[in-house]
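The file protein20.tsv comes next; it holds TSV, C-alpha atoms.
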```tsv
chain	number	residue	atom	x	y	z
R	1	MET	CA	41.93	17.98	-13.09
R	2	LYS	CA	40.59	15.76	-10.32
R	3	THR	CA	38.50	12.87	-11.62
R	4	LEU	CA	35.63	11.11	-9.91
R	5	VAL	CA	37.70	8.04	-9.03
R	6	ASP	CA	40.10	10.34	-7.14
R	7	SER	CA	37.25	11.51	-4.92
R	8	ARG	CA	36.22	10.01	-1.61
R	9	PRO	CA	34.44	6.62	-1.81
R	10	SER	CA	31.29	8.24	-0.42
R	11	VAL	CA	31.21	10.72	-3.31
R	12	VAL	CA	31.74	7.96	-5.86
R	13	ALA	CA	28.97	5.89	-4.23
R	14	LEU	CA	26.59	8.85	-4.28
R	15	HIS	CA	27.35	9.49	-7.95
R	16	ASP	CA	26.76	5.83	-8.84
R	17	THR	CA	23.54	5.71	-6.84
R	18	ALA	CA	22.26	8.78	-8.68
R	19	SER	CA	22.85	7.00	-12.00
R	20	VAL	CA	20.29	4.29	-11.11
R	21	ALA	CA	18.07	6.20	-8.67
R	22	LEU	CA	15.33	7.12	-11.14
R	23	GLY	CA	14.73	3.58	-12.38
R	24	LEU	CA	15.11	2.16	-8.87
R	25	ALA	CA	12.64	4.65	-7.44
R	26	ALA	CA	10.08	3.91	-10.16
R	27	PHE	CA	10.43	0.19	-9.46
R	28	GLY	CA	10.04	0.83	-5.73
R	29	VAL	CA	6.92	2.94	-6.24
R	30	THR	CA	5.46	0.16	-8.38
R	31	LEU	CA	6.16	-2.38	-5.64
R	32	GLY	CA	4.70	-0.05	-3.01
R	33	VAL	CA	1.50	0.42	-5.01
R	34	THR	CA	1.23	-3.33	-5.52
R	35	MET	CA	1.69	-4.09	-1.82
R	36	SER	CA	-0.89	-1.46	-0.91
R	37	ALA	CA	-3.36	-3.09	-3.31
R	38	LEU	CA	-2.65	-6.46	-1.65
R	39	GLY	CA	-3.39	-5.01	1.79
R	40	VAL	CA	0.17	-4.92	3.13
R	41	GLY	CA	0.69	-2.22	5.77
R	42	VAL	CA	3.31	0.50	5.38
R	43	LEU	CA	5.40	-0.67	8.37
R	44	PRO	CA	5.57	-4.36	7.33
R	45	GLY	CA	6.30	-3.26	3.77
R	46	LEU	CA	9.22	-1.06	4.84
R	47	ILE	CA	10.63	-3.68	7.19
R	48	GLY	CA	10.48	-6.21	4.38
R	49	ALA	CA	12.21	-3.77	2.02
R	50	GLY	CA	15.20	-3.53	4.35
R	51	VAL	CA	15.36	-7.19	5.34
R	52	VAL	CA	14.71	-8.78	1.94
R	53	TYR	CA	16.47	-5.96	0.04
R	54	GLY	CA	15.22	-7.30	-3.28
R	55	GLY	CA	12.12	-6.22	-5.16
R	56	SER	CA	11.36	-9.42	-7.04
R	57	ALA	CA	11.75	-11.59	-3.93
R	58	GLN	CA	9.63	-9.26	-1.81
R	59	LEU	CA	6.92	-9.12	-4.47
R	60	THR	CA	6.92	-12.92	-4.64
R	61	ALA	CA	6.62	-13.18	-0.87
R	62	VAL	CA	3.74	-10.72	-0.43
R	63	THR	CA	1.86	-12.19	-3.39
R	64	LEU	CA	2.10	-15.74	-2.02
R	65	VAL	CA	1.11	-14.57	1.48
R	66	HIS	CA	-1.90	-12.79	-0.03
R	67	GLN	CA	-2.84	-16.02	-1.81
R	68	GLY	CA	-2.67	-17.94	1.47
R	69	ALA	CA	0.44	-19.98	0.71
R	70	ALA	CA	2.21	-21.83	3.52
R	71	PHE	CA	5.16	-20.15	5.24
R	72	VAL	CA	7.64	-22.71	3.92
R	73	ALA	CA	6.40	-22.22	0.35
R	74	VAL	CA	6.81	-18.45	0.69
R	75	VAL	CA	10.38	-18.74	1.99
R	76	VAL	CA	11.45	-21.34	-0.59
R	77	SER	CA	9.92	-19.43	-3.52
R	78	SER	CA	11.54	-16.16	-2.46
R	79	ALA	CA	14.89	-17.91	-2.04
R	80	ILE	CA	14.64	-19.37	-5.54
R	81	VAL	CA	13.90	-15.95	-7.01
R	82	ASN	CA	16.97	-14.55	-5.24
R	83	ALA	CA	19.19	-17.51	-6.13
R	84	ARG	CA	20.95	-15.38	-8.77
R	85	LEU	CA	22.65	-13.62	-5.86
R	86	LEU	CA	24.74	-16.77	-5.41
R	87	LEU	CA	26.29	-16.04	-8.79
R	88	TYR	CA	26.89	-12.42	-7.85
R	89	SER	CA	28.49	-13.47	-4.57
R	90	ALA	CA	30.80	-15.90	-6.32
R	91	SER	CA	31.88	-13.15	-8.70
R	92	LEU	CA	32.52	-10.74	-5.80
R	93	SER	CA	34.43	-13.27	-3.71
R	94	GLN	CA	37.86	-12.01	-4.79
R	95	ARG	CA	37.05	-8.48	-3.62
R	96	PHE	CA	35.69	-9.73	-0.29
R	97	ARG	CA	38.34	-12.37	0.40
R	98	ASP	CA	40.96	-10.09	1.96
R	99	GLN	CA	38.49	-7.92	3.87
R	100	PRO	CA	37.99	-8.13	7.68
R	101	ALA	CA	35.72	-10.89	8.98
R	102	TRP	CA	33.03	-8.44	10.14
R	103	PHE	CA	32.79	-7.04	6.62
R	104	ARG	CA	32.57	-10.47	5.00
R	105	TRP	CA	29.66	-11.34	7.33
R	106	LEU	CA	27.69	-8.07	7.15
R	107	ALA	CA	28.38	-6.58	3.73
R	108	PRO	CA	26.71	-9.35	1.64
R	109	GLN	CA	23.34	-8.00	2.86
R	110	PHE	CA	23.82	-5.30	0.21
R	111	VAL	CA	24.39	-7.71	-2.70
R	112	ILE	CA	21.69	-6.96	-5.27
R	113	ASP	CA	21.65	-6.32	-9.01
R	114	GLN	CA	22.50	-2.62	-8.73
R	115	THR	CA	25.32	-2.88	-6.19
R	116	TYR	CA	26.86	-5.79	-8.06
R	117	LEU	CA	26.87	-4.02	-11.43
R	118	LEU	CA	27.94	-0.63	-10.08
R	119	SER	CA	30.79	-2.03	-7.98
R	120	GLY	CA	31.93	-4.08	-10.96
R	121	ALA	CA	32.54	-0.82	-12.80
R	122	ARG	CA	34.92	0.32	-10.01
R	123	PRO	CA	37.74	-2.27	-10.11
R	124	GLU	CA	40.22	0.37	-8.93
R	125	LEU	CA	38.67	0.39	-5.45
R	126	ASP	CA	40.09	-2.15	-3.01
R	127	GLY	CA	40.85	-2.57	0.66
R	128	ARG	CA	39.44	0.15	2.90
R	129	ALA	CA	38.34	2.23	-0.09
R	130	PHE	CA	36.16	-0.62	-1.34
R	131	ARG	CA	34.68	-1.18	2.13
R	132	ARG	CA	33.69	2.48	2.39
R	133	TYR	CA	32.37	2.57	-1.16
R	134	TRP	CA	30.33	-0.61	-0.71
R	135	GLY	CA	28.88	0.56	2.61
R	136	PHE	CA	27.86	3.97	1.30
R	137	LEU	CA	26.51	2.47	-1.93
R	138	GLY	CA	24.38	-0.05	-0.05
R	139	VAL	CA	22.99	2.56	2.35
R	140	PHE	CA	22.27	5.13	-0.38
R	141	ILE	CA	20.44	2.57	-2.51
R	142	LEU	CA	18.56	1.32	0.56
R	143	VAL	CA	17.36	4.87	1.30
R	144	VAL	CA	16.15	5.34	-2.29
R	145	TRP	CA	14.53	1.89	-2.27
R	146	CYS	CA	12.68	2.23	1.04
R	147	GLY	CA	11.69	5.83	0.34
R	148	SER	CA	10.18	4.96	-3.04
R	149	ILE	CA	8.28	1.99	-1.60
R	150	ALA	CA	6.88	4.19	1.16
R	151	LEU	CA	5.86	6.78	-1.42
R	152	GLY	CA	4.10	4.14	-3.49
R	153	MET	CA	2.21	2.74	-0.52
R	154	VAL	CA	1.12	6.14	0.72
R	155	ALA	CA	0.17	7.47	-2.70
R	156	ALA	CA	-1.53	4.28	-3.94
R	157	PRO	CA	-5.08	5.22	-2.85
R	158	VAL	CA	-5.05	8.42	-4.93
R	159	LEU	CA	-3.11	7.21	-7.98
R	160	PRO	CA	-4.92	6.44	-11.25
R	161	ASP	CA	-4.48	3.11	-12.98
R	162	LEU	CA	-0.89	3.05	-14.32
R	163	PRO	CA	-0.41	-0.31	-16.10
R	164	HIS	CA	2.78	0.86	-17.83
R	165	LEU	CA	4.60	0.91	-14.49
R	166	GLY	CA	4.88	-2.84	-14.78
R	167	PHE	CA	7.57	-2.33	-17.42
R	168	VAL	CA	9.69	-0.07	-15.20
R	169	GLY	CA	11.74	-2.90	-13.72
R	170	THR	CA	12.56	-4.30	-17.15
R	171	ALA	CA	13.55	-0.86	-18.43
R	172	MET	CA	15.80	-0.29	-15.43
R	173	PHE	CA	17.72	-3.55	-15.93
R	174	LEU	CA	18.05	-2.91	-19.66
R	175	GLY	CA	19.52	0.48	-18.87
R	176	LEU	CA	22.11	-1.14	-16.59
R	177	LEU	CA	22.89	-3.86	-19.12
R	178	ALA	CA	23.21	-1.89	-22.38
R	179	PRO	CA	26.49	-0.05	-21.59
R	180	ARG	CA	28.17	-3.38	-20.82
R	181	LEU	CA	27.40	-5.04	-24.16
R	182	THR	CA	30.83	-4.22	-25.54
R	183	SER	CA	32.13	-7.68	-26.46
R	184	ARG	CA	30.98	-10.86	-28.14
R	185	PRO	CA	30.83	-12.89	-24.86
R	186	ALA	CA	28.75	-10.14	-23.20
R	187	VAL	CA	26.25	-10.02	-26.07
R	188	THR	CA	26.09	-13.82	-26.21
R	189	ALA	CA	25.47	-14.04	-22.47
R	190	ALA	CA	22.76	-11.34	-22.55
R	191	LEU	CA	20.87	-12.84	-25.49
R	192	THR	CA	21.07	-16.40	-24.18
R	193	GLY	CA	20.15	-15.44	-20.64
R	194	GLY	CA	17.22	-13.30	-21.76
R	195	LEU	CA	15.84	-15.99	-24.07
R	196	VAL	CA	16.15	-18.77	-21.49
R	197	ALA	CA	14.64	-16.60	-18.75
R	198	ALA	CA	11.67	-15.71	-20.96
R	199	VAL	CA	10.97	-19.33	-21.96
R	200	ILE	CA	11.40	-20.80	-18.47
R	201	GLY	CA	9.44	-17.91	-16.99
R	202	LEU	CA	6.41	-18.91	-19.03
R	203	ILE	CA	6.53	-22.39	-17.48
R	204	ARG	CA	7.83	-21.69	-13.97
R	205	PRO	CA	7.97	-17.94	-13.26
R	206	GLU	CA	9.99	-18.36	-10.05
R	207	LEU	CA	12.79	-20.15	-11.96
R	208	GLY	CA	13.06	-17.82	-14.95
R	209	ILE	CA	15.67	-15.44	-13.55
R	210	VAL	CA	17.83	-18.20	-12.07
R	211	CYS	CA	17.85	-20.36	-15.20
R	212	GLY	CA	18.47	-17.32	-17.39
R	213	ALA	CA	21.42	-16.25	-15.26
R	214	ILE	CA	23.00	-19.72	-15.32
R	215	ALA	CA	22.47	-20.05	-19.08
R	216	GLY	CA	23.88	-16.57	-19.69
R	217	VAL	CA	27.01	-17.22	-17.65
R	218	THR	CA	27.56	-20.57	-19.37
R	219	ALA	CA	27.09	-19.11	-22.85
R	220	GLY	CA	29.31	-16.14	-22.11
R	221	SER	CA	32.08	-18.37	-20.80
R	222	ALA	CA	31.84	-20.62	-23.85
R	223	ALA	CA	32.00	-17.61	-26.19
R	224	ARG	CA	35.07	-16.27	-24.37
R	225	ARG	CA	36.87	-19.60	-24.76
```

Let me see the structure of the file written as structure tokens.
Amino acid sequence: MKTLVDSRPSVVALHDTASVALGLAAFGVTLGVTMSALGVGVLPGLIGAGVVYGGSAQLTAVTLVHQGAAFVAVVVSSAIVNARLLLYSASLSQRFRDQPAWFRWLAPQFVIDQTYLLSGARPELDGRAFRRYWGFLGVFILVVWCGSIALGMVAAPVLPDLPHLGFVGTAMFLGLLAPRLTSRPAVTAALTGGLVAAVIGLIRPELGIVCGAIAGVTAGSAARR
């Protein structure tokens, strides 16, 4: 019987996107509603969704702009929030190293939490198959992301108060993380990273994710040794 990994990379990418689409869409709707409440137009919001391609960084940017922060402060704060992508990129370097130059320059635009975790579960894909999978995965997730943000911005004026949507992003990441807690280093990294992120986030919210990621990687590596 033909398995999923024997299918075309586009089919595998579509299947993987479907596995995270619900949580991603809920997060996007939440961001869209928030941006609408802050007075961000639909067009700027959608352009930002494609360019920034990261919900936490985009939310940081629009919030600081709304508060009247300087342009440099907005850019630096958003970059700090997205600094965890440096760790993802380092982890993906082996799979990108032997790819064509055009791919190494363009494909990193799609490096986010979902694409990193989903591609990590497909180690059998390499070469041209990985390029096709990564491209389709990035585009499919981008469509879900931008579509959900647009829906949130358009529907915001008629939606009731939904405070529980603020927990959607956390639930989505927990859903991605749970299946991977299959070893002592993984559990150690998750617990350490979550604790450090929570503590640092109370002091400096923009540094919580970055510090948690670094602490989690360090703890996981130590546990493996």

Practice task
Quick one: everything within 10 Å of range 84-95 of chain R, counting only C-alpha atoms, minus sequence neighbours fewer than 4 positions away in the same chain. Send it as a ChimeraX atom specification.
Solution key: /R:79-80,99,104,108,111-113,115-117,119-120,123,125-127,130-131,207,209-214,217

Problem - Distance query range 10-17 of chain R at most 10 Å, only C-alpha atoms, self and fewer than 4 positions along chain excluded, as a PyMOL selection string - result: chain R and resi 4-6+21-22+24+114-115+118-119+121-122+129+132-142+144

Within-12 Å shell of (-0.6, -6.9, 0.0) in input frame, only C-alpha atoms, as a tab-separated table (two decimals) with C-alpha atoms, in the coordinates of the input:
```tsv
chain	number	residue	atom	x	y	z
R	31	LEU	CA	6.16	-2.38	-5.64
R	32	GLY	CA	4.70	-0.05	-3.01
R	33	VAL	CA	1.50	0.42	-5.01
R	34	THR	CA	1.23	-3.33	-5.52
R	35	MET	CA	1.69	-4.09	-1.82
R	36	SER	CA	-0.89	-1.46	-0.91
R	37	ALA	CA	-3.36	-3.09	-3.31
R	38	LEU	CA	-2.65	-6.46	-1.65
R	39	GLY	CA	-3.39	-5.01	1.79
R	40	VAL	CA	0.17	-4.92	3.13
R	41	GLY	CA	0.69	-2.22	5.77
R	42	VAL	CA	3.31	0.50	5.38
R	44	PRO	CA	5.57	-4.36	7.33
R	45	GLY	CA	6.30	-3.26	3.77
R	48	GLY	CA	10.48	-6.21	4.38
R	58	GLN	CA	9.63	-9.26	-1.81
R	59	LEU	CA	6.92	-9.12	-4.47
R	60	THR	CA	6.92	-12.92	-4.64
R	61	ALA	CA	6.62	-13.18	-0.87
R	62	VAL	CA	3.74	-10.72	-0.43
R	63	THR	CA	1.86	-12.19	-3.39
R	64	LEU	CA	2.10	-15.74	-2.02
R	65	VAL	CA	1.11	-14.57	1.48
R	66	HIS	CA	-1.90	-12.79	-0.03
R	67	GLN	CA	-2.84	-16.02	-1.81
R	68	GLY	CA	-2.67	-17.94	1.47
R	153	MET	CA	2.21	2.74	-0.52
R	156	ALA	CA	-1.53	4.28	-3.94
```

Would you list the contacts of Leu151 in chain R as a PDB file with C-alpha atoms, keeping the file's coordinate frame, taking every protein, DNA or RNA residue within 8 Å and counting all atoms listed in the file, but skipping same-chain residues closer than 4 positions in sequence?
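Result written to out38.pdb:
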```
ATOM      1  CA  VAL R  29       6.920   2.940  -6.240  1.00  0.00           C
ATOM      2  CA  GLY R  32       4.700  -0.050  -3.010  1.00  0.00           C
ATOM      3  CA  GLY R 147      11.690   5.830   0.340  1.00  0.00           C
ATOM      4  CA  ALA R 155       0.170   7.470  -2.700  1.00  0.00           C
TER       5      ALA R 155
END
```

Fill in the blank from the handout: From CA of Ser78 in chain R to CA of Gly152 in chain R the spacing works out at 21.6 Å

Output as a PDB file, keeping the file's coordinate frame: range 77-91 of chain R, completed with N, CA and C atoms.
```
ATOM      1  N   SER R  77      10.130 -20.132  -2.257  1.00  0.00           N
ATOM      2  CA  SER R  77       9.920 -19.430  -3.520  1.00  0.00           C
ATOM      3  C   SER R  77      10.736 -18.147  -3.586  1.00  0.00           C
ATOM      4  N   SER R  78      10.764 -17.401  -2.490  1.00  0.00           N
ATOM      5  CA  SER R  78      11.540 -16.160  -2.460  1.00  0.00           C
ATOM      6  C   SER R  78      13.030 -16.448  -2.582  1.00  0.00           C
ATOM      7  N   ALA R  79      13.477 -17.531  -1.947  1.00  0.00           N
ATOM      8  CA  ALA R  79      14.890 -17.910  -2.040  1.00  0.00           C
ATOM      9  C   ALA R  79      15.265 -18.299  -3.465  1.00  0.00           C
ATOM     10  N   ILE R  80      14.368 -18.984  -4.150  1.00  0.00           N
ATOM     11  CA  ILE R  80      14.640 -19.370  -5.540  1.00  0.00           C
ATOM     12  C   ILE R  80      14.754 -18.141  -6.420  1.00  0.00           C
ATOM     13  N   VAL R  81      13.854 -17.188  -6.215  1.00  0.00           N
ATOM     14  CA  VAL R  81      13.900 -15.950  -7.010  1.00  0.00           C
ATOM     15  C   VAL R  81      15.214 -15.222  -6.782  1.00  0.00           C
ATOM     16  N   ASN R  82      15.722 -15.248  -5.565  1.00  0.00           N
ATOM     17  CA  ASN R  82      16.970 -14.550  -5.240  1.00  0.00           C
ATOM     18  C   ASN R  82      18.212 -15.416  -5.429  1.00  0.00           C
ATOM     19  N   ALA R  83      18.054 -16.592  -5.990  1.00  0.00           N
ATOM     20  CA  ALA R  83      19.190 -17.510  -6.130  1.00  0.00           C
ATOM     21  C   ALA R  83      20.283 -16.934  -7.039  1.00  0.00           C
ATOM     22  N   ARG R  84      19.938 -15.992  -7.907  1.00  0.00           N
ATOM     23  CA  ARG R  84      20.950 -15.380  -8.770  1.00  0.00           C
ATOM     24  C   ARG R  84      22.016 -14.656  -7.949  1.00  0.00           C
ATOM     25  N   LEU R  85      21.676 -14.296  -6.705  1.00  0.00           N
ATOM     26  CA  LEU R  85      22.650 -13.620  -5.860  1.00  0.00           C
ATOM     27  C   LEU R  85      23.829 -14.528  -5.517  1.00  0.00           C
ATOM     28  N   LEU R  86      23.622 -15.838  -5.610  1.00  0.00           N
ATOM     29  CA  LEU R  86      24.740 -16.770  -5.410  1.00  0.00           C
ATOM     30  C   LEU R  86      25.804 -16.551  -6.480  1.00  0.00           C
ATOM     31  N   LEU R  87      25.353 -16.307  -7.710  1.00  0.00           N
ATOM     32  CA  LEU R  87      26.290 -16.040  -8.790  1.00  0.00           C
ATOM     33  C   LEU R  87      27.015 -14.722  -8.567  1.00  0.00           C
ATOM     34  N   TYR R  88      26.267 -13.714  -8.125  1.00  0.00           N
ATOM     35  CA  TYR R  88      26.890 -12.420  -7.850  1.00  0.00           C
ATOM     36  C   TYR R  88      27.934 -12.560  -6.741  1.00  0.00           C
ATOM     37  N   SER R  89      27.581 -13.307  -5.700  1.00  0.00           N
ATOM     38  CA  SER R  89      28.490 -13.470  -4.570  1.00  0.00           C
ATOM     39  C   SER R  89      29.770 -14.179  -4.994  1.00  0.00           C
ATOM     40  N   ALA R  90      29.622 -15.188  -5.842  1.00  0.00           N
ATOM     41  CA  ALA R  90      30.800 -15.900  -6.320  1.00  0.00           C
ATOM     42  C   ALA R  90      31.710 -14.966  -7.118  1.00  0.00           C
ATOM     43  N   SER R  91      31.108 -14.100  -7.913  1.00  0.00           N
ATOM     44  CA  SER R  91      31.880 -13.150  -8.700  1.00  0.00           C
ATOM     45  C   SER R  91      32.580 -12.113  -7.822  1.00  0.00           C
TER      46      SER R  91
END
```
